[in-house]
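Visitor: Could you have a look at this structure, given as structure tokens, before my questions?
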2 protein chains.
Amino acid sequence: MTEAAPKSLARARELVAPALAAAAQTLSPELRRIVEYHWGFVDAAGARIRAAAGKALRPTLAMLSAEAVGASADRARAGAAAVELIHDFTLLHDDVMDGDRERRHRPTAWVVFGSGPAICAGDALVLLAQRVLLADSSPARVAALAALGESAAEVIAGQALDLSFEGRLDVGLDAYLAMAGRKTGALLGCAASIGAILAGAPESSVAALRAYGVALGLAFQAVDDWLGIWGAPERTGKPVANDLRQRKASLPIVFALAAPGAEARELRALLERAAPADEDAVQRAVELLEACGAAARTRVEALGQIEIARAALESAPLEAAARVELLELAAFVVQREF
Amino acid sequence: MTEAAPKSLARARELVAPALAAAAQTLSPELRRIVEYHWGFVDAAGARIRAAAGKALRPTLAMLSAEAVGASADRARAGAAAVELIHDFTLLHDDVMDGDRERRHRPTAWVVFGSGPAICAGDALVLLAQRVLLADSSPARVAALAALGESAAEVIAGQALDLSFEGRLDVGLDAYLAMAGRKTGALLGCAASIGAILAGAPESSVAALRAYGVALGLAFQAVDDWLGIWGAPERTGKPVANDLRQRKASLPIVFALAAPGAEARELRALLERAAPADEDAVQRAVELLEACGAAARTRVEALGQIEIARAALESAPLEAAARVELLELAAFVVQREF
């Protein structure tokens, strides 16, 4: 987070925080504790703290999507809470699956509570999201739930595809983008349109907002992948060039391995042998990535998706103020790291 | 399964099989393969086989609940498929969490595909159940989805509670029954009423059927727990007295540890030291359980729940033929093992 964080993020956090806290109250004590730990409300022993919260990017999109079609932020509240709950479900499960031990500079939930309880907590959030939406007063709550369910199913399919990529050096750009579109794009597409769905907006506006969100998601993922190689460890909470060490099929690596030339061949040979373990090998792999133009191409990909997102917003008659805030958010997603 | 398996089970399998197969077609290839393996449709390599399927107890309950309120079996199809999908979700995740390596005499999905993909497959089934119900034509499909969601949330809370019982020898009968009511009773209660909900039956009939299902679930769990100690290994696919070896807080053990007398004290001392490892210790623990009356009390508990289930069916004006089949099913659940 930089100083330039758009005001809409804080506004959405205020909108959604009471709804999330109330939803968590309906969980059993065992599950509530895990979820509240994950949110940074309590420490591992259950004592109240105030750890750094998530950015609330998805609730912000939900809120702005209602405002973009002339509805109030309140109209989006249940949708904003539900997409955030689905996002938290994916984080809890992904951390178990990927064996990630740290998130936002704290031990992940499965490290603290065990993987079984963390899996249960993720499962519980899927059903909590459903409950929150069905309790909303909008006549379109079922349509919103259907859209959220379809996008959550896409996220899961994307995660399964991503797991199947592990250790593979033959993942092409199309396959990578299809995976990222499902794993990251689908839920952002839903977040960026669920408020409009709840507001009963016409399908053309919903579709434009969804397209904006999907493109924003692809930009977001490209930036994340760039950070996975070139991000500062104190910021990402991971070692320098972590994705290289893990030989993850991330965007810069996919670009580099598809490139012609001696550098790409040397990189492939280096990665085929084993994950680069010593610092010299990691350093050389990063040099080769840069020589292939992978860093620049990843940034271009992110900016290209932002352009698609911008064009999508212009394809429908949306409220000007919300449109500006959606554009600010897009700029923030890309600027936060480059 | 005995020769005396009620005909309703086979009838429900026929009703629901095409709906389940069609639902699986909508999954991504990676996820479909895991789900179809879990169902026994394909082997680990993806080749078509016909392994032993599940009993389809939950689809049968769903079907009979529609017939019990005068609707056709067809009316229950989506509900029957959805509860089975939720059941399969719980099996896929529980096997990962409990580290169980075998189910229906085949390696569990996580053993074959890895725990990450198996978790994804379970997640996908929750959303598939939602999709199947929302695609139904019944005006009550949203009410059915809400009921299914609430019961699935109960199952997850019950599983989290069960995980928290691990290694504890102080779980009382009330705590145990509260856990089993959530983990097993809730979904059977939903299964036994979802067809009636979809048929638009009055709440009194729905409530009676749900109460029948919850009690049936508690009977089912008592029988399962009895089998966990006294079941034949060739039938359960687990070692003799497996729950004792794992010091699981199952019903016979809860009964025994709450009993007065020297046998209960000796059993507690034996289990407090460590899980009984050698065959003599296991044999002695089984003797102590029997001396405490735990086997008999577990059977009495199951039969008492069946009586509650029977009384629930008489509390509402249900169709006679379906009521008979529901009673047959209850008898089958208890007889299959005693």
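To be explicit about the labels: the chains of the structure tokens are called A, B, and onward in the order shown, and within each one the residues are counted from 1, while ligands get numbers from 1 in the order they are shown.
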Kindly provide the residues of chain A that approach chain B to within 9 Å, each paired with its closest atom pair and their distance in Å to one decimal, based on only C-alpha atoms, listed by chain and increasing number, as a Markdown table.
Guide:
```
| residue | atom | partner | partner_atom | distance |
| --- | --- | --- | --- | --- |
| A:Leu27 | CA | B:Ala157 | CA | 7.7 |
| A:Ser28 | CA | B:Ala157 | CA | 6.1 |
| A:Pro29 | CA | B:Ala157 | CA | 8.8 |
| A:Glu30 | CA | B:Ala160 | CA | 6.6 |
| A:Leu31 | CA | B:Ala157 | CA | 7.0 |
| A:His93 | CA | B:Ile119 | CA | 7.8 |
| A:Asp94 | CA | B:Gly116 | CA | 8.2 |
| A:Val96 | CA | B:Gly116 | CA | 7.8 |
| A:Met97 | CA | B:Gly116 | CA | 4.7 |
| A:Asp98 | CA | B:Gly116 | CA | 7.7 |
| A:Ser115 | CA | B:Met97 | CA | 7.2 |
| A:Gly116 | CA | B:Met97 | CA | 4.7 |
| A:Pro117 | CA | B:Ala160 | CA | 5.8 |
| A:Ile119 | CA | B:His93 | CA | 7.8 |
| A:Cys120 | CA | B:Ile156 | CA | 5.9 |
| A:Ala121 | CA | B:Ile156 | CA | 8.1 |
| A:Asp123 | CA | B:Ile156 | CA | 7.1 |
| A:Ala124 | CA | B:Ala153 | CA | 5.9 |
| A:Leu125 | CA | B:Ala153 | CA | 8.9 |
| A:Val126 | CA | B:Val126 | CA | 8.2 |
| A:Leu127 | CA | B:Gly149 | CA | 5.9 |
| A:Leu128 | CA | B:Ala153 | CA | 7.8 |
| A:Gln130 | CA | B:Gly149 | CA | 7.4 |
| A:Arg131 | CA | B:Ala146 | CA | 7.2 |
| A:Leu134 | CA | B:Ala146 | CA | 7.4 |
| A:Val142 | CA | B:Val142 | CA | 7.6 |
| A:Ala146 | CA | B:Arg131 | CA | 7.2 |
| A:Gly149 | CA | B:Leu127 | CA | 5.9 |
| A:Glu150 | CA | B:Leu127 | CA | 7.6 |
| A:Ala152 | CA | B:Leu127 | CA | 7.5 |
| A:Ala153 | CA | B:Ala124 | CA | 5.9 |
| A:Glu154 | CA | B:Ser28 | CA | 8.8 |
| A:Ile156 | CA | B:Cys120 | CA | 5.9 |
| A:Ala157 | CA | B:Ser28 | CA | 6.1 |
| A:Gly158 | CA | B:Ser28 | CA | 8.9 |
| A:Gln159 | CA | B:Cys120 | CA | 7.4 |
| A:Ala160 | CA | B:Pro117 | CA | 5.8 |
| A:Leu161 | CA | B:Glu30 | CA | 6.8 |
| A:Leu163 | CA | B:Pro117 | CA | 7.2 |
| A:Ser164 | CA | B:Glu30 | CA | 8.0 |
```
Visitor: So that I have them on file, write out the residues from the current selection with C-alpha atoms, as a PDB file, in the first residue's frame.
Guide:
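The result, stored in part.pdb:
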```pdb
ATOM      1  CA  LEU A  27     -19.746 -19.364  12.825  1.00  0.00           C
ATOM      2  CA  SER A  28     -19.033 -21.979  15.485  1.00  0.00           C
ATOM      3  CA  PRO A  29     -16.320 -20.929  18.002  1.00  0.00           C
ATOM      4  CA  GLU A  30     -13.667 -23.199  16.452  1.00  0.00           C
ATOM      5  CA  LEU A  31     -14.217 -21.765  12.977  1.00  0.00           C
ATOM      6  CA  HIS A  93      -7.201 -23.173   0.989  1.00  0.00           C
ATOM      7  CA  ASP A  94      -4.423 -22.003  -1.323  1.00  0.00           C
ATOM      8  CA  VAL A  96      -2.684 -25.144   2.650  1.00  0.00           C
ATOM      9  CA  MET A  97      -2.247 -26.459  -0.897  1.00  0.00           C
ATOM     10  CA  ASP A  98       0.835 -24.384  -1.683  1.00  0.00           C
ATOM     11  CA  SER A 115      -4.389 -27.870   7.970  1.00  0.00           C
ATOM     12  CA  GLY A 116      -7.644 -29.717   8.802  1.00  0.00           C
ATOM     13  CA  PRO A 117      -9.161 -26.810  10.737  1.00  0.00           C
ATOM     14  CA  ILE A 119      -9.603 -26.368   5.353  1.00  0.00           C
ATOM     15  CA  CYS A 120     -12.821 -26.389   7.414  1.00  0.00           C
ATOM     16  CA  ALA A 121     -12.623 -22.626   7.881  1.00  0.00           C
ATOM     17  CA  ASP A 123     -15.239 -24.441   3.481  1.00  0.00           C
ATOM     18  CA  ALA A 124     -17.306 -22.543   6.031  1.00  0.00           C
ATOM     19  CA  LEU A 125     -16.661 -19.230   4.252  1.00  0.00           C
ATOM     20  CA  VAL A 126     -18.108 -20.493   0.960  1.00  0.00           C
ATOM     21  CA  LEU A 127     -21.374 -21.249   2.728  1.00  0.00           C
ATOM     22  CA  LEU A 128     -21.210 -18.041   4.736  1.00  0.00           C
ATOM     23  CA  GLN A 130     -24.082 -17.852   0.258  1.00  0.00           C
ATOM     24  CA  ARG A 131     -25.911 -17.102   3.506  1.00  0.00           C
ATOM     25  CA  LEU A 134     -29.475 -14.912   0.462  1.00  0.00           C
ATOM     26  CA  VAL A 142     -30.291 -15.032  -6.386  1.00  0.00           C
ATOM     27  CA  ALA A 146     -25.469 -17.519  -9.162  1.00  0.00           C
ATOM     28  CA  GLY A 149     -21.004 -19.255  -7.531  1.00  0.00           C
ATOM     29  CA  GLU A 150     -19.943 -19.432 -11.171  1.00  0.00           C
ATOM     30  CA  ALA A 152     -15.921 -19.152  -7.447  1.00  0.00           C
ATOM     31  CA  ALA A 153     -16.123 -22.354  -9.508  1.00  0.00           C
ATOM     32  CA  GLU A 154     -13.820 -20.712 -12.062  1.00  0.00           C
ATOM     33  CA  ILE A 156     -11.231 -23.401  -8.154  1.00  0.00           C
ATOM     34  CA  ALA A 157     -10.800 -24.725 -11.696  1.00  0.00           C
ATOM     35  CA  GLY A 158      -8.006 -22.179 -12.182  1.00  0.00           C
ATOM     36  CA  GLN A 159      -6.285 -23.266  -8.995  1.00  0.00           C
ATOM     37  CA  ALA A 160      -6.519 -26.942 -10.038  1.00  0.00           C
ATOM     38  CA  LEU A 161      -5.014 -26.004 -13.411  1.00  0.00           C
ATOM     39  CA  LEU A 163      -1.448 -27.037  -9.506  1.00  0.00           C
ATOM     40  CA  SER A 164      -1.207 -29.163 -12.665  1.00  0.00           C
TER      41      SER A 164
END
```
Visitor: Skipping near chain neighbours, those fewer than 2 positions away, what residues fall within 12 Å of stretch 302-306 of chain A using only C-alpha atoms, listed as a ChimeraX atom specification?
Guide: /A:177,181,185,211-226,251-252,295-300,308-313,326-335,337-338
Visitor: When DSSP is applied to the backbone of this structure, which of stretch 124-238 of chain B are assigned alpha helix (DSSP H)? Write them out as a PyMOL selection string.
Guide: chain B and resi 124-134+141-165+173-180+186-198+203-230+233-236
Visitor: Closest to A:Gln246 among A:Gly293, A:Gly167, A:Gly195, A:Gly231, using only C-alpha atoms?
Guide: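 The answer is A:Gly167, which sits nearest to A:Gln246.
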Visitor: Counting only C-alpha atoms, figure out which residue out of A:Leu288, A:Gly189, A:Leu244, A:Glu234 gets nearest to A:Ala259.
Guide: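 The shortest atom-to-atom distance to A:Ala259 comes from A:Leu288.
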Visitor: Quick one: residues within 7 Å of stretch 58-63 of chain A, only C-alpha atoms counted, chain neighbours fewer than 6 positions away excluded, as a list in words?
Guide: Ser8, Leu9, Ala12, Val16, Ala73, Ala76, Gly79, Ala80, Ala81, Val83, Glu84, Leu188, Ala191, Ala192, Ser193, Ile194 and Gly195 of chain A
Visitor: Write the residues of the selection above to a file with N, CA and C atoms, as a short mmCIF file (atom, residue, chain, number, x, y, z; two decimals), in the first residue's frame.
Guide:
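Okay, out11.cif is ready:
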```cif
data_model
loop_
_atom_site.label_atom_id
_atom_site.label_comp_id
_atom_site.auth_asym_id
_atom_site.auth_seq_id
_atom_site.Cartn_x
_atom_site.Cartn_y
_atom_site.Cartn_z
N SER A 8 -11.44 5.23 -2.24
CA SER A 8 -12.53 4.25 -2.33
C SER A 8 -12.23 2.99 -1.53
N LEU A 9 -10.94 2.64 -1.40
CA LEU A 9 -10.58 1.42 -0.65
C LEU A 9 -11.00 1.55 0.82
N ALA A 12 -14.80 1.44 1.19
CA ALA A 12 -15.36 0.09 1.07
C ALA A 12 -15.08 -0.72 2.33
N VAL A 16 -17.97 -2.59 4.51
CA VAL A 16 -18.07 -4.04 4.56
C VAL A 16 -17.66 -4.62 5.92
N ALA A 73 -23.98 2.86 -2.27
CA ALA A 73 -23.00 1.89 -1.81
C ALA A 73 -23.67 0.80 -0.97
N ALA A 76 -24.71 -2.51 -2.37
CA ALA A 76 -23.67 -3.49 -2.70
C ALA A 76 -23.14 -4.24 -1.49
N GLY A 79 -23.09 -8.06 -1.36
CA GLY A 79 -22.25 -8.57 -2.44
C GLY A 79 -20.78 -8.34 -2.13
N ALA A 80 -20.47 -7.16 -1.58
CA ALA A 80 -19.09 -6.84 -1.22
C ALA A 80 -18.58 -7.80 -0.16
N ALA A 81 -19.43 -8.08 0.84
CA ALA A 81 -19.02 -9.02 1.89
C ALA A 81 -18.86 -10.42 1.31
N VAL A 83 -18.15 -11.47 -1.81
CA VAL A 83 -16.95 -11.70 -2.63
C VAL A 83 -15.70 -11.73 -1.76
N GLU A 84 -15.68 -10.92 -0.71
CA GLU A 84 -14.51 -10.94 0.18
C GLU A 84 -14.43 -12.29 0.90
N LEU A 188 -12.50 -11.22 -9.74
CA LEU A 188 -12.50 -9.76 -9.86
C LEU A 188 -13.60 -9.30 -10.81
N ALA A 191 -16.64 -9.43 -8.68
CA ALA A 191 -16.63 -8.33 -7.70
C ALA A 191 -17.02 -7.02 -8.37
N ALA A 192 -16.49 -6.80 -9.58
CA ALA A 192 -16.70 -5.53 -10.26
C ALA A 192 -18.09 -5.42 -10.89
N SER A 193 -18.93 -6.44 -10.73
CA SER A 193 -20.27 -6.36 -11.31
C SER A 193 -21.37 -6.75 -10.32
N ILE A 194 -21.01 -7.33 -9.17
CA ILE A 194 -22.05 -7.86 -8.28
C ILE A 194 -22.91 -6.74 -7.68
N GLY A 195 -22.33 -5.58 -7.46
CA GLY A 195 -23.13 -4.46 -6.95
C GLY A 195 -24.15 -4.01 -7.99
#
```
Visitor: Could you pull out the strand (DSSP E) residues of stretch 48-276 of chain A, going by DSSP on the backbone, and write them as number ranges by chain?
Guide: A: 102-103, 106-107
Visitor: Skip A:Arg265 itself and residues of its chain fewer than 4 positions away, then list as a list of chain:residue names all residues within 12 Å of it, counting only C-alpha atoms.
Guide: A:Leu169, A:Ala256, A:Leu257, A:Ala258, A:Ala259, A:Pro260, A:Gly261, A:Ala269, A:Leu270, A:Leu271, A:Glu272, A:Ala285, A:Leu288, A:Leu289, A:Ala291, A:Cys292
Visitor: Show me, as a list in words, the residues that have an atom within 9 Å of B:Arg323 when counting only C-alpha atoms, minus same-chain residues fewer than 4 positions from it.
Guide: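 The filter keeps Leu64, Ser65, Glu67, Ala68, Leu313, Glu314, Leu318, Glu319, Leu327 and Glu328 of chain B.
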